[in-house]
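See below for the structure under consideration.
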Amino acid sequence: MRKISELRLALVGCGALGSAVLQLIGRLGFGEIHIIDGDIVTESNLRTQVLFEIGDTKIINYKADLAKNKLEDINSETRFQSSPFYLTEKNAEETLKGSDIVIDTTDNTKTRLTVNKVCVLKGIPLLEIMAKKKEAMVHMVSGENACFNCLYSASKMIDNECASIDPSLPPISAGVALNMLLSFLNEEIAPKTVLISADGFNVSRLKIKRLETCDVCSKRRDIKVKENGFIQVCGGGIKFSFSRRVMLHDVYSKLVEYGELEGDNNYIILRNPGRSVLISDYGDLLFTGYELEEAKKFIESIKPIILASQPSP
Ligand SMILES: [Zn+2]
C-alpha cells in the first residue's frame with residue numbers, strides 16, 4: 001500500500017460534483033491533484049458549484065485554474081496542477097498518463113466513456129461520481145468489476161447530459177465518494193456501487209454485473225480515435241475541441257472578419273449579436289447562442305486558420 005502523499009490523482013470535470021469532491025480530497029494530503037476542465041465560471045454555476053464565488057465571474061476564469069488557486073490556499077502540501085481544456089478521445093491518454101487514480105465528475109456521457117476506456121486499458125482505478133435530477137451514483141471501477149461502459153449499458157440513469165441536479169446531491173455524493181476512495185486506498189472491503197436518491201432520501205448498495213460483451217473491459221481493445229469533437233453542454237452551449245494548442249496572437253488578426261474580438265494570451269472571444277465563441281489557447285471552443293449546424297459551419301470556415309497556427313517549438 002503506497003502512502004497517500006506519493007499518489008497522483010486526476011479529477012475530470014470541475015462542476016457541481018467536482019468542486020464538492022475537491023473541497024474534501026484537496027485537504028487529504030495527496031502528492032498531486034491534477035484538475036482537468038475546459039469550462040469557464042459563470043454566474044449560473046454559483047448555485048451548485050461550491051468552489052466558486054461572484055468575484056470569479058467578473059473576468060474570464062477557467063474552472064480548473066480557479067480550483068487550483070483556491071485549493072493552494074487550503075493545502076500547501078499537495079501540488080495542484082490545472083489543465084484548462086476539455087478531455088477528448090485524442091488527448092485523454094496523454095492527459096491522464098501517470099495518474100494513480102482518476103475521479104470522473106464530468107457532466108457528459110461521451111467524456112465519461114472516453115475516461116473509462118483509458119483507465120480500463122491502462123489499469124488505472126477510476127471512481128465515477130454522477131448525478132441526474134434527484135439521483136446520484138458513485139461507482140468504483142477497479143480490478144474485474146463492471147466498468148462504466150457496462151454500467152451505461154445497464155442503466156440510462158447515468159446518462160446525465162444537461163440534467164439539472166438536486167442541490168443536496170453534490171455534497172452527499174462527495175461524502176460517499178470520499179468514503180469509498182479511502183476504503184479503496186486502505187484496501188478495505190467496501191461497496192463498489194452506491195445509489196443515492198434525494199427523493200425521500202435513500203442510500204443503497206447496488207451489485208452491477210460486468211457485461212460479458214462489453215467492448216471495453218471484456219476485450220480491452222486499443223483506444224480508437226473517433227473525433228467528431230462536438231459536445232452539447234448544459235445551458236445550451238456547444239463545445240468543440242481541436243485537441244491542439246493554438247497560437248492566439250497568430251490567429252487574432254485573421255479572425256477580425258468573423259466578429260468583434262476581445263482577448264488576452266489565454267483566450268479570444270468572438271462576439272456577434274446574440275452569440276459568441278470563446279477560443280482557448282488549448283484549442284477548445286465554447287459556442288453560446290449557436291445551433292449545432294451553425295457551430296459546425298463555423299468550425300469548417302476557421303479550421304484552416306487554426307491548423308496553420310503552430311506553437312513555436
Ligand atoms: Zn465494461
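The way I read the labels, and the way they are meant: chains A, B, ... in the order of the C-alpha cells, residue 1 as the first residue of every chain, and ligand 1 as the first ligand shown, with later ones counted on from there.
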message = Using only C-alpha atoms and all ligand atoms, which residues of the polymer chains come no farther than 6 Å from ligand 1? I'd like the answer as a list in words.
response =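 What falls inside 6 Å of ligand 1 is Ala146, Cys147, Asn149, Cys150, Arg210, Leu211, Cys214, Val216 and Cys217 of chain A.
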Would you mind listing, for every residue of region 9-121 of chain A within 6 Å of region 164-178 of chain A, the two atoms forming the shortest contact and the distance between them in Å to one decimal, using only C-alpha atoms, sorted by chain and ascending residue number, as CSV?
```
residue,atom,partner,partner_atom,distance
A:Leu17,CA,A:Pro170,CA,4.9
A:Ala20,CA,A:Pro171,CA,5.7
A:Val21,CA,A:Ala174,CA,4.8
A:Thr48,CA,A:Pro167,CA,5.9
```
task = Between A:Asn265, A:Ser253, A:Asn145, A:Ser183, single out the one closest to Ile208 (chain A), counting only C-alpha atoms.
result = A:Asn145
request  = Write out as a list in words the residues lying within 10 Å of Val102 (chain A), counting only C-alpha atoms and excluding same-chain residues fewer than 2 positions away.
outcome  =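 Returned residues: Arg8, Leu9, Ala10, Leu11, Val12, Ile33, His34, Leu96, Ser99, Asp100, Asp104, Thr105, Val115, Asn116, Cys119, Ile124, Pro125, Leu126, Leu127, Glu128 and Val141 of chain A.
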Could you write those residues out with C-alpha atoms, as a PDB file, in the first residue's frame?
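Dumped everything to selection_8.pdb:
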```pdb
ATOM      1  CA  ARG A   8      -1.090  11.409  -8.145  1.00  0.00           C
ATOM      2  CA  LEU A   9      -4.844  11.861  -8.509  1.00  0.00           C
ATOM      3  CA  ALA A  10      -6.574  13.304 -11.572  1.00  0.00           C
ATOM      4  CA  LEU A  11     -10.078  14.775 -11.482  1.00  0.00           C
ATOM      5  CA  VAL A  12     -12.002  15.313 -14.703  1.00  0.00           C
ATOM      6  CA  ILE A  33      -4.030  16.607  -7.731  1.00  0.00           C
ATOM      7  CA  HIS A  34      -4.498  17.337 -11.415  1.00  0.00           C
ATOM      8  CA  LEU A  96      -4.223  11.011 -17.772  1.00  0.00           C
ATOM      9  CA  SER A  99      -2.233   9.138 -12.755  1.00  0.00           C
ATOM     10  CA  ASP A 100      -2.502   6.623  -9.912  1.00  0.00           C
ATOM     11  CA  ASP A 104     -14.619  11.410 -13.067  1.00  0.00           C
ATOM     12  CA  THR A 105     -17.196  14.086 -12.226  1.00  0.00           C
ATOM     13  CA  VAL A 115     -12.102   8.395 -19.486  1.00  0.00           C
ATOM     14  CA  ASN A 116     -13.363   4.859 -18.766  1.00  0.00           C
ATOM     15  CA  CYS A 119      -8.484   3.910 -17.322  1.00  0.00           C
ATOM     16  CA  ILE A 124      -5.868   2.988 -13.581  1.00  0.00           C
ATOM     17  CA  PRO A 125      -8.517   2.738 -10.807  1.00  0.00           C
ATOM     18  CA  LEU A 126     -11.448   5.015 -11.643  1.00  0.00           C
ATOM     19  CA  LEU A 127     -14.017   6.494  -9.270  1.00  0.00           C
ATOM     20  CA  GLU A 128     -17.133   7.620 -11.119  1.00  0.00           C
ATOM     21  CA  VAL A 141     -14.007   0.722 -11.422  1.00  0.00           C
TER      22      VAL A 141
END
```
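Across the structure, CA of Asn75 (chain A) and CA of Ile4 (chain A) are spaced 14.2 Å apart.
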query = Rounded to one decimal in Å, what is the spacing between CA of Ser5 (chain A) and CA of Lys122 (chain A)?
reply = 21.8 Å
